[in-house]
Structures are given as structure tokens and as C-alpha cells.
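final-v1.tsv (TSV, C-alpha atoms (C1' of nucleotides))
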chain	number	residue	atom	x	y	z
J	1	MET	CA	-2.57	37.44	68.44
J	2	ALA	CA	-2.13	39.93	71.20
J	3	SER	CA	-2.68	43.43	69.99
J	4	TYR	CA	-1.41	46.12	72.26
J	5	ASN	CA	-4.61	47.92	73.06
J	6	LYS	CA	-7.13	45.43	74.26
J	7	PRO	CA	-9.49	47.77	76.05
J	8	ASP	CA	-10.52	45.40	78.84
J	9	GLN	CA	-6.99	44.50	79.85
J	10	THR	CA	-5.52	46.00	82.96
J	11	LEU	CA	-2.57	48.30	82.62
J	12	PHE	CA	-0.44	45.71	84.37
J	13	ASP	CA	-1.43	43.00	81.91
J	14	MET	CA	-0.70	45.23	78.95
J	15	ASN	CA	2.64	46.34	80.31
J	16	ALA	CA	3.61	42.80	81.21
J	17	GLU	CA	2.84	41.79	77.67
J	18	ILE	CA	5.09	44.45	76.20
J	19	LEU	CA	7.87	43.58	78.61
J	20	ARG	CA	7.59	39.89	77.81
J	21	ALA	CA	7.86	40.62	74.11
J	22	MET	CA	11.01	42.64	74.77
J	23	ALA	CA	12.50	40.22	77.25
J	24	HIS	CA	14.77	38.20	75.01
J	25	PRO	CA	18.37	38.93	74.08
J	26	VAL	CA	17.79	38.36	70.36
J	27	ARG	CA	14.74	40.58	70.36
J	28	LEU	CA	16.67	43.26	72.22
J	29	MET	CA	19.38	43.02	69.58
J	30	ILE	CA	16.80	43.30	66.82
J	31	MET	CA	15.26	46.34	68.44
J	32	ASP	CA	18.70	47.84	68.90
J	33	GLU	CA	19.37	47.47	65.19
J	34	LEU	CA	15.98	48.85	64.20
J	35	LEU	CA	16.65	51.82	66.43
J	36	ARG	CA	19.43	52.81	64.02
J	37	ASN	CA	17.27	52.39	60.94
J	38	PRO	CA	14.68	50.06	59.40
J	39	LYS	CA	16.04	46.79	58.09
J	40	CYS	CA	14.87	43.82	56.13
J	41	VAL	CA	15.01	40.33	57.56
J	42	THR	CA	18.12	39.30	55.71
J	43	ALA	CA	20.01	42.35	56.91
J	44	ILE	CA	19.12	41.52	60.48
J	45	HIS	CA	19.98	37.91	59.85
J	46	GLU	CA	23.42	38.86	58.61
J	47	ILE	CA	24.18	41.28	61.39
J	48	LEU	CA	23.09	39.00	64.20
J	49	ASP	CA	24.30	35.43	64.30
J	50	VAL	CA	20.85	33.91	64.29
J	51	SER	CA	19.10	31.74	61.72
J	52	GLN	CA	16.65	33.38	59.36
J	53	PRO	CA	13.61	31.42	60.53
J	54	ASN	CA	14.46	32.27	64.09
J	55	ILE	CA	14.74	35.96	63.25
J	56	SER	CA	11.38	35.68	61.56
J	57	GLN	CA	9.88	34.07	64.63
J	58	HIS	CA	11.17	36.79	66.89
J	59	LEU	CA	9.92	39.45	64.50
J	60	THR	CA	6.49	37.84	64.64
J	61	ILE	CA	6.50	38.12	68.42
J	62	LEU	CA	7.54	41.76	68.20
J	63	ARG	CA	4.89	42.41	65.57
J	64	ASN	CA	2.11	40.72	67.54
J	65	SER	CA	2.86	42.84	70.55
J	66	GLY	CA	2.80	46.03	68.51
J	67	ILE	CA	6.46	46.81	68.87
J	68	VAL	CA	7.40	46.59	65.20
J	69	ALA	CA	5.60	46.79	61.90
J	70	SER	CA	6.80	46.07	58.39
J	71	ASP	CA	6.46	47.30	54.89
J	72	ARG	CA	7.41	45.91	51.52
J	73	ASP	CA	10.43	47.28	49.71
J	74	GLY	CA	10.63	45.41	46.43
J	75	SER	CA	11.17	41.81	47.34
J	76	TYR	CA	12.39	42.75	50.79
J	77	ARG	CA	10.27	43.29	53.83
J	78	CYS	CA	11.51	46.13	55.94
J	79	TYR	CA	10.80	46.17	59.62
J	80	TYR	CA	10.68	49.29	61.72
J	81	LEU	CA	9.82	50.24	65.28
J	82	ARG	CA	6.31	51.53	65.72
J	83	ARG	CA	7.21	53.61	68.75
J	84	PRO	CA	10.95	54.13	68.63
J	85	GLY	CA	10.77	56.49	71.60
J	86	LEU	CA	9.40	53.74	73.80
J	87	VAL	CA	12.06	51.25	72.77
J	88	LYS	CA	14.84	53.79	73.09
J	89	ALA	CA	13.65	54.86	76.53
J	90	VAL	CA	13.40	51.29	77.80
J	91	MET	CA	16.85	50.37	76.58
J	92	GLU	CA	18.45	53.52	77.92
J	93	THR	CA	16.68	53.04	81.22
J	94	LEU	CA	18.01	49.51	81.50
J	95	SER	CA	21.57	50.47	80.64
J	96	LYS	CA	21.71	53.43	82.96
J	97	LYS	CA	23.53	53.10	86.28
J	98	TRP	CA	20.84	53.39	88.92
J	99	PRO	CA	21.77	54.06	92.51
J	100	GLU	CA	20.95	51.46	95.11
J	101	ALA	CA	18.23	52.31	97.59
J	102	ASP	CA	19.44	53.94	100.77
J	103	ILE	CA	19.14	51.03	103.16
J	104	GLU	CA	18.93	53.22	106.24
J	105	ASN	CA	16.14	55.25	104.78
J	106	VAL	CA	14.33	52.12	103.66
J	107	ARG	CA	14.68	50.60	107.08
J	108	GLY	CA	13.11	53.71	108.56
J	109	ASN	CA	10.04	53.02	106.44
J	110	PHE	CA	9.52	49.53	107.71
J	111	LYS	CA	7.44	50.59	110.67
J	112	ARG	CA	5.20	52.67	108.47
J	113	ALA	CA	4.84	49.76	106.09
J	114	LEU	CA	3.99	47.50	108.95
J	115	SER	CA	1.42	49.85	110.45
J	116	ILE	CA	-0.21	50.17	107.08
J	117	ARG	CA	-0.48	46.43	107.00
J	118	LEU	CA	-1.97	46.34	110.51
J	119	ASP	CA	-4.39	49.12	109.70
J	120	LYS	CA	-5.93	47.01	107.05
J	121	GLN	CA	-7.16	44.26	109.34
J	122	GLY	CA	-7.87	46.44	112.36
J	123	VAL	CA	-6.07	46.45	115.63
J	124	VAL	CA	-8.66	44.64	117.67
J	125	THR	CA	-10.26	41.22	117.71
J	126	PRO	CA	-7.12	39.18	118.36
J	127	LYS	CA	-8.87	35.83	118.33
J	128	GLY	CA	-12.48	35.60	119.46
J	129	ASP	CA	-14.99	37.76	117.65
J	130	SER	CA	-17.91	39.80	119.08
V	1	MET	CA	20.26	31.81	90.63
V	2	ALA	CA	20.86	34.69	88.27
V	3	SER	CA	22.61	37.54	89.92
V	4	TYR	CA	22.44	40.79	88.08
V	5	ASN	CA	26.06	41.45	87.43
V	6	LYS	CA	27.58	38.45	85.81
V	7	PRO	CA	30.64	40.06	84.23
V	8	ASP	CA	30.84	37.87	81.15
V	9	GLN	CA	27.23	38.28	80.15
V	10	THR	CA	26.40	40.54	77.29
V	11	LEU	CA	24.42	43.65	77.96
V	12	PHE	CA	21.55	42.18	76.00
V	13	ASP	CA	21.49	39.04	78.10
V	14	MET	CA	21.53	41.03	81.30
V	15	ASN	CA	18.82	43.39	80.16
V	16	ALA	CA	16.67	40.55	78.89
V	17	GLU	CA	16.98	38.92	82.26
V	18	ILE	CA	15.78	42.01	84.09
V	19	LEU	CA	12.92	42.46	81.65
V	20	ARG	CA	11.86	38.86	82.02
V	21	ALA	CA	11.80	39.20	85.77
V	22	MET	CA	9.58	42.26	85.43
V	23	ALA	CA	7.37	40.83	82.72
V	24	HIS	CA	4.47	39.49	84.75
V	25	PRO	CA	1.35	41.34	85.85
V	26	VAL	CA	1.62	40.18	89.45
V	27	ARG	CA	5.25	41.16	89.63
V	28	LEU	CA	4.45	44.55	88.14
V	29	MET	CA	1.78	44.99	90.79
V	30	ILE	CA	4.24	44.02	93.51
V	31	MET	CA	6.79	46.49	92.20
V	32	ASP	CA	4.12	49.15	91.99
V	33	GLU	CA	3.29	48.62	95.64
V	34	LEU	CA	6.93	48.60	96.71
V	35	LEU	CA	7.40	51.84	94.83
V	36	ARG	CA	5.11	53.48	97.39
V	37	ASN	CA	6.94	51.96	100.35
V	38	PRO	CA	8.51	48.72	101.56
V	39	LYS	CA	6.04	46.03	102.52
V	40	CYS	CA	6.02	42.65	104.14
V	41	VAL	CA	4.69	39.61	102.33
V	42	THR	CA	1.39	39.55	104.14
V	43	ALA	CA	0.71	43.18	103.32
V	44	ILE	CA	1.32	42.49	99.66
V	45	HIS	CA	-0.77	39.36	99.91
V	46	GLU	CA	-3.68	41.34	101.33
V	47	ILE	CA	-3.46	44.17	98.84
V	48	LEU	CA	-3.20	41.98	95.77
V	49	ASP	CA	-5.61	39.11	95.35
V	50	VAL	CA	-2.93	36.47	95.09
V	51	SER	CA	-2.11	33.54	97.35
V	52	GLN	CA	0.74	33.91	99.80
V	53	PRO	CA	2.88	31.12	98.35
V	54	ASN	CA	2.47	32.64	94.94
V	55	ILE	CA	3.50	36.07	96.19
V	56	SER	CA	6.51	34.43	97.75
V	57	GLN	CA	7.42	32.74	94.49
V	58	HIS	CA	7.20	35.99	92.58
V	59	LEU	CA	9.26	37.73	95.23
V	60	THR	CA	11.90	35.04	94.82
V	61	ILE	CA	12.06	35.75	91.11
V	62	LEU	CA	12.38	39.47	91.75
V	63	ARG	CA	15.03	38.83	94.37
V	64	ASN	CA	17.07	36.50	92.17
V	65	SER	CA	17.19	39.08	89.43
V	66	GLY	CA	18.34	41.78	91.82
V	67	ILE	CA	15.20	43.86	91.63
V	68	VAL	CA	14.18	43.57	95.27
V	69	ALA	CA	15.86	42.72	98.52
V	70	SER	CA	14.42	42.08	101.92
V	71	ASP	CA	15.12	42.68	105.54
V	72	ARG	CA	13.65	41.28	108.71
V	73	ASP	CA	11.34	43.38	110.81
V	74	GLY	CA	10.45	41.24	113.77
V	75	SER	CA	8.61	38.27	112.44
V	76	TYR	CA	7.88	40.08	109.22
V	77	ARG	CA	10.13	40.21	106.23
V	78	CYS	CA	10.01	43.54	104.51
V	79	TYR	CA	10.73	43.74	100.84
V	80	TYR	CA	12.00	46.83	99.10
V	81	LEU	CA	13.20	47.83	95.66
V	82	ARG	CA	16.95	47.83	95.29
V	83	ARG	CA	16.91	50.42	92.52
V	84	PRO	CA	13.60	52.22	92.80
V	85	GLY	CA	14.65	54.67	90.12
V	86	LEU	CA	14.99	51.90	87.59
V	87	VAL	CA	11.60	50.42	88.39
V	88	LYS	CA	9.92	53.80	88.41
V	89	ALA	CA	11.48	54.75	85.10
V	90	VAL	CA	10.46	51.50	83.43
V	91	MET	CA	6.89	51.74	84.62
V	92	GLU	CA	6.54	55.38	83.66
V	93	THR	CA	8.09	54.68	80.30
V	94	LEU	CA	5.59	51.91	79.67
V	95	SER	CA	2.60	53.97	80.71
V	96	LYS	CA	3.56	57.02	78.71
V	97	LYS	CA	1.84	57.73	75.43
V	98	TRP	CA	4.48	57.35	72.77
V	99	PRO	CA	3.95	58.71	69.28
V	100	GLU	CA	3.86	56.30	66.39
V	101	ALA	CA	6.77	56.41	63.97
V	102	ASP	CA	6.29	58.72	61.03
V	103	ILE	CA	5.63	56.20	58.30
V	104	GLU	CA	6.70	58.51	55.48
V	105	ASN	CA	9.99	59.22	57.16
V	106	VAL	CA	10.51	55.53	57.86
V	107	ARG	CA	9.77	54.67	54.28
V	108	GLY	CA	12.37	57.15	53.18
V	109	ASN	CA	14.93	55.18	55.12
V	110	PHE	CA	14.17	51.88	53.47
V	111	LYS	CA	16.55	52.43	50.59
V	112	ARG	CA	19.34	53.30	52.96
V	113	ALA	CA	18.59	50.18	54.95
V	114	LEU	CA	18.64	48.13	51.79
V	115	SER	CA	21.90	49.57	50.51
V	116	ILE	CA	23.50	48.86	53.83
V	117	ARG	CA	22.41	45.28	53.46
V	118	LEU	CA	23.75	45.06	49.91
V	119	ASP	CA	27.04	46.63	50.90
V	120	LYS	CA	27.67	43.79	53.25
V	121	GLN	CA	27.84	41.04	50.65
V	122	GLY	CA	29.32	43.07	47.82
V	123	VAL	CA	27.68	43.88	44.55
V	124	VAL	CA	29.43	41.36	42.35
V	125	THR	CA	29.66	37.59	42.03
V	126	PRO	CA	26.02	36.84	41.32
V	127	LYS	CA	26.42	33.09	41.07
V	128	GLY	CA	29.66	31.47	39.92
V	129	ASP	CA	32.84	32.36	41.78
V	130	SER	CA	36.21	33.08	40.09
L	1	DA	C1'	8.78	23.31	124.64
L	2	DT	C1'	4.76	24.61	122.48
L	3	DA	C1'	1.69	27.34	119.78
L	4	DG	C1'	0.72	30.48	116.26
L	5	DG	C1'	1.58	33.62	112.74
L	6	DA	C1'	4.64	34.87	108.79
L	7	DT	C1'	7.20	33.25	105.07
L	8	DA	C1'	9.43	29.77	102.11
L	9	DT	C1'	9.86	25.46	99.68
L	10	DT	C1'	8.53	21.40	97.23
L	11	DC	C1'	5.71	18.82	94.18
L	12	DT	C1'	2.77	18.55	90.33
L	13	DA	C1'	0.05	19.50	86.33
L	14	DA	C1'	-0.97	22.73	82.85
L	15	DT	C1'	0.76	25.73	79.76
L	16	DA	C1'	4.13	28.51	77.27
L	17	DT	C1'	8.65	29.52	75.20
L	18	DT	C1'	12.49	28.51	72.48
L	19	DC	C1'	14.97	26.80	68.50
L	20	DG	C1'	16.32	23.82	64.75
L	21	DA	C1'	14.83	21.47	60.75
L	22	DA	C1'	12.08	21.15	57.02
L	23	DT	C1'	9.05	23.25	54.20
L	24	DA	C1'	5.93	26.54	52.22
L	25	DC	C1'	4.92	30.96	50.23
L	26	DG	C1'	5.52	35.06	47.27
L	27	DG	C1'	7.54	38.15	44.11
L	28	DA	C1'	10.89	39.11	40.29
L	29	DA	C1'	13.46	37.74	36.43
L	30	DT	C1'	14.49	34.63	32.99
G	1	DA	C1'	6.41	27.95	33.77
G	2	DT	C1'	10.48	27.64	36.22
G	3	DT	C1'	14.03	29.31	39.03
G	4	DC	C1'	15.91	32.07	42.52
G	5	DC	C1'	15.80	34.83	46.45
G	6	DG	C1'	13.60	36.66	50.55
G	7	DT	C1'	10.48	35.63	54.06
G	8	DA	C1'	7.10	32.99	56.76
G	9	DT	C1'	5.05	28.89	58.76
G	10	DT	C1'	4.76	24.42	60.74
G	11	DC	C1'	6.33	20.66	63.48
G	12	DG	C1'	8.66	18.65	67.31
G	13	DA	C1'	11.53	18.23	71.19
G	14	DA	C1'	13.64	20.38	74.98
G	15	DT	C1'	13.04	23.47	78.40
G	16	DA	C1'	10.85	27.01	81.25
G	17	DT	C1'	7.01	29.33	83.55
G	18	DT	C1'	2.98	29.45	86.21
G	19	DA	C1'	-0.21	28.50	90.06
G	20	DG	C1'	-2.36	25.64	93.46
G	21	DA	C1'	-1.86	22.40	97.22
G	22	DA	C1'	0.51	20.68	100.82
G	23	DT	C1'	4.06	21.22	103.83
G	24	DA	C1'	8.08	22.96	105.96
G	25	DT	C1'	10.66	26.60	108.30
G	26	DC	C1'	11.46	30.52	111.13
G	27	DC	C1'	10.43	33.86	114.66
G	28	DT	C1'	8.04	35.41	118.73
G	29	DA	C1'	5.49	34.99	122.74
G	30	DT	C1'	3.78	32.25	126.20

As C-alpha cells, what does this structure read like?
Amino acid sequence: MASYNKPDQTLFDMNAEILRAMAHPVRLMIMDELLRNPKCVTAIHEILDVSQPNISQHLTILRNSGIVASDRDGSYRCYYLRRPGLVKAVMETLSKKWPEADIENVRGNFKRALSIRLDKQGVVTPKGDS
Amino acid sequence: MASYNKPDQTLFDMNAEILRAMAHPVRLMIMDELLRNPKCVTAIHEILDVSQPNISQHLTILRNSGIVASDRDGSYRCYYLRRPGLVKAVMETLSKKWPEADIENVRGNFKRALSIRLDKQGVVTPKGDS
DNA sequence: ATAGGATATTCTAATATTCGAATACGGAAT
DNA sequence: ATTCCGTATTCGAATATTAGAATATCCTAT
């Protein structure tokens, strides 16, 4: 039961939790479908080639992490994205072609990175102390 | 050994793989640090409160999924983000405050979702066929 | 070659994820 | 009440992830 706004969690923990909930091909497919419009379980089950119980399990994971919510519609239960903007942004970000880092530029930063590391433990006291 | 451009993988599989690699608080912290500048393992180890072997393991995961790469710098090995833009975008997307879906609007789409589902299996033939 | 620091690997135990199978639940209509 | 349909839960086995401990490797300087 991981809700998505535990107040005492670090930002990294919370974000990791959301990412983990998203990090499955079937769940990505479900989110992709829900991005178009809300759907009941059977509709999702028919569109994707995944068993109904399995769909239900994945929906539970998405629900527990706050990504989807559901509402009754007669005898159906319709699922929808709670924050469609977030899901859309993540999926578009992933699909976008991102340029590789400029190796030369990166290499130029190595010394700085290294000095930062050395700064942290001081430059002196190579072995014996005092 | 999952490289990040297997040609016969679906987009969902590939994206899920990247998300899974990112979906850990320590790895998010590592990426956050590398976003500032490249760093060697020891620097990361000192900044985060995580054992060196564990840092190394997480770096291996990030490397295998194509998120980071490394280069020697003397006896150090400096890690850097291969596509900093991707990492930055994902992290900013996660941290942003996204509005909740408008429930009323969503509810209005339920019928459409349902009719789409019904369209798929036809309206006739309730039980016996032909 | 030896030593020492930086990084990687291996092993292991604990824990978590995944999925199929079977089943249970819940509402609507007969 | 029973049946049917849509959905959820439970169980179990296979597999994967995680982190610590111990150890190995690699580079550099002596």
C-alpha cells in the first residue's frame, strides 16, 4: 500500500517508487491506452494480449502508486490516469531522440570532478595524522 | 547485458528497461550527482552514504542500460551521463506538480470508452451462435 | 616487484516481482 | 435464488533484485 505522498519519504524514494510502478512493458501499454481515454478492464484485456487477472494485477500496482484511479460505470470499472500530464510527459521524454553527451566536453570536466572529490577529504595528511 | 537499442524490441520493452534501470533511489541519487558533473566512483561513494561495492553495482546497472558511460582519468574512473537531457527531463518531469485529472471530464468519457469496448465484439450473438 | 588506492566481481541470503491457475466477489438480469 | 458477466484476490513457482561481505583486479608510484 504505497500511497504517493508519504510525507517522510525522500524525493528520491518517491520518484523511484513512481518509476518502478511504470517500469513494465504491460503497464506502459496500459498507460498508453488510458492516455487516449478511460477504459474498463475488459477493454484493456481485449486490446492487449494479456490475461484478465494479470491486467488486474498490473492495474493494482498502478493504483497503489497513485498513477491510476477507477470509477464504476454500470457493471464495468473504468480506469483513468490521475495525472495524465505526468504520464504523457514521461512517455514522450522516453521516446524522444536525445543527443549523446559531447565526450570532449565531458572529458574536460573530469579534472573539475576530480578536484571536487579531493576537496572533500582535504589535500593534506597523506598518511600519518597530526 | 541489455543494450539500449535492440532493434527487435518493442518500444514498450525498451522504455520499460530504461525506467527499471532508473527506478531505484540510489540510482536516482547517482544520476542527480552526475547531472551536475561527471564523477569518479569514490566521489559518488563519499557524497552518498552507500558502500563502494554497492555504488559499483548500481553503476553497472546504469551502464548496461545505456544511461551512463565511463572513462579513465588516471587511476580514477569517471562516470558521466550518456544522454543528460533524457535524465534531466525525467527527473524534472517527476518532480513537477502535475494537476489531477478533471474527474467530471473523465466521467464524461466513460460512455465513449464503453462503446469502444462494445464495438469490438459486436452487438449481436448474445449466447448461441448461428 | 611491491604496495596502496580505486574499482569491480563473486557469493550469499533476504526480499520482491512476475505470471498462470484457480477461485472469489459483486452487480444486473432473469 | 440463480446465473452470467466483469473484476479482484489468492496461491505458488519461477525468477529477479538488493545489499553486505569478502575478494579480486587494475593502475600508479615507488

Near region 67-85 of chain V, 10 Å: chain G residue rows, closest pairs, all atoms listed in the file, as a tab-separated table:
residue	atom	partner	partner_atom	distance
G:DC26	C1'	V:Ser75	CA	8.4
G:DC27	C1'	V:Ser75	CA	5.3
G:DT28	C1'	V:Ser75	CA	6.9

Please save C-alpha atoms (C1' of nucleotides) of the selected residues as a PDB file, in the coordinates of the input.
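Final file, part.pdb:
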ATOM      1  C1'  DC G  26      11.460  30.520 111.130  1.00  0.00           C
ATOM      2  C1'  DC G  27      10.430  33.860 114.660  1.00  0.00           C
ATOM      3  C1'  DT G  28       8.040  35.410 118.730  1.00  0.00           C
TER       4       DT G  28
END

Within 8 Å of chain J, which residues of chain L show up when using all atoms listed in the file, listed as a list of chain:residue names?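 Taken together, these residues fit the definition: L:DC19, L:DG27, L:DA28.
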
Here is a test: counting all atoms listed in the file, which residue of J:Met22, J:Thr93, J:Ile30, J:Asn37 is nearest to Gly108 (chain V)? J:Asn37

For chain G, which residues have at least one atom within 10 Å of chain J, if we go by all atoms listed in the file? Write them as a list in words, please. DC5, DG6, DT7, DA8 and DT9 of chain G

What does the C-alpha RMSD come to when chain J is least-squares superposed onto chain V, all C-alpha atoms paired in sequence order?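 C-alpha RMSD, chain J fitted to chain V: 0.2 Å.
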
Residues of chain V no more than 6 Å from chain J, counting all atoms listed in the file: send them over as a list in words.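 In the required form, that comes to Phe12, Asp13, Ala16, Leu19, Arg20, Ala23, His24, Pro25, Pro38, Lys39, Ala43, Arg82, Arg83, Glu100, Ala101, Ala113 and Arg117 of chain V.
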
Output as JSON the centre and edge lengths (Å, one decimal) of the box along x, y and z of the file that holds every listed atom of region 11-24 of chain L after adding 6 Å on each side.
{"center_x": 7.7, "center_y": 24.0, "center_z": 73.2, "size_x": 29.3, "size_y": 23.0, "size_z": 54.0}

Separation of C1' of DT17 (chain G) from C1' of DC11 (chain L) in Å: 15.0 Å

For a test of reading the model, state the distance in Å between CA of Ile55 (chain J) and C1' of DC11 (chain G), rounded to one decimal.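 Computed distance, CA of Ile55 (chain J) to C1' of DC11 (chain G), equals 17.5 Å.
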
Straight-line distance linking CA of Asp49 (chain J) with C1' of DA13 (chain G), stated in Å to one decimal: 22.5 Å

Please list as a ChimeraX atom specification every residue within 12 Å of region 12-16 of chain L, counting only C-alpha atoms (C1' of nucleotides) and excluding residues in the same chain fewer than 5 positions away. /J:20 /G:15-22

Between G:DC4, G:DT25, G:DT30, G:DG12, which has the minimum distance to DT18 (chain L) (counting all atoms listed in the file)?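 Among G:DC4, G:DT25, G:DT30, G:DG12, it is G:DG12 that comes nearest to DT18 (chain L).
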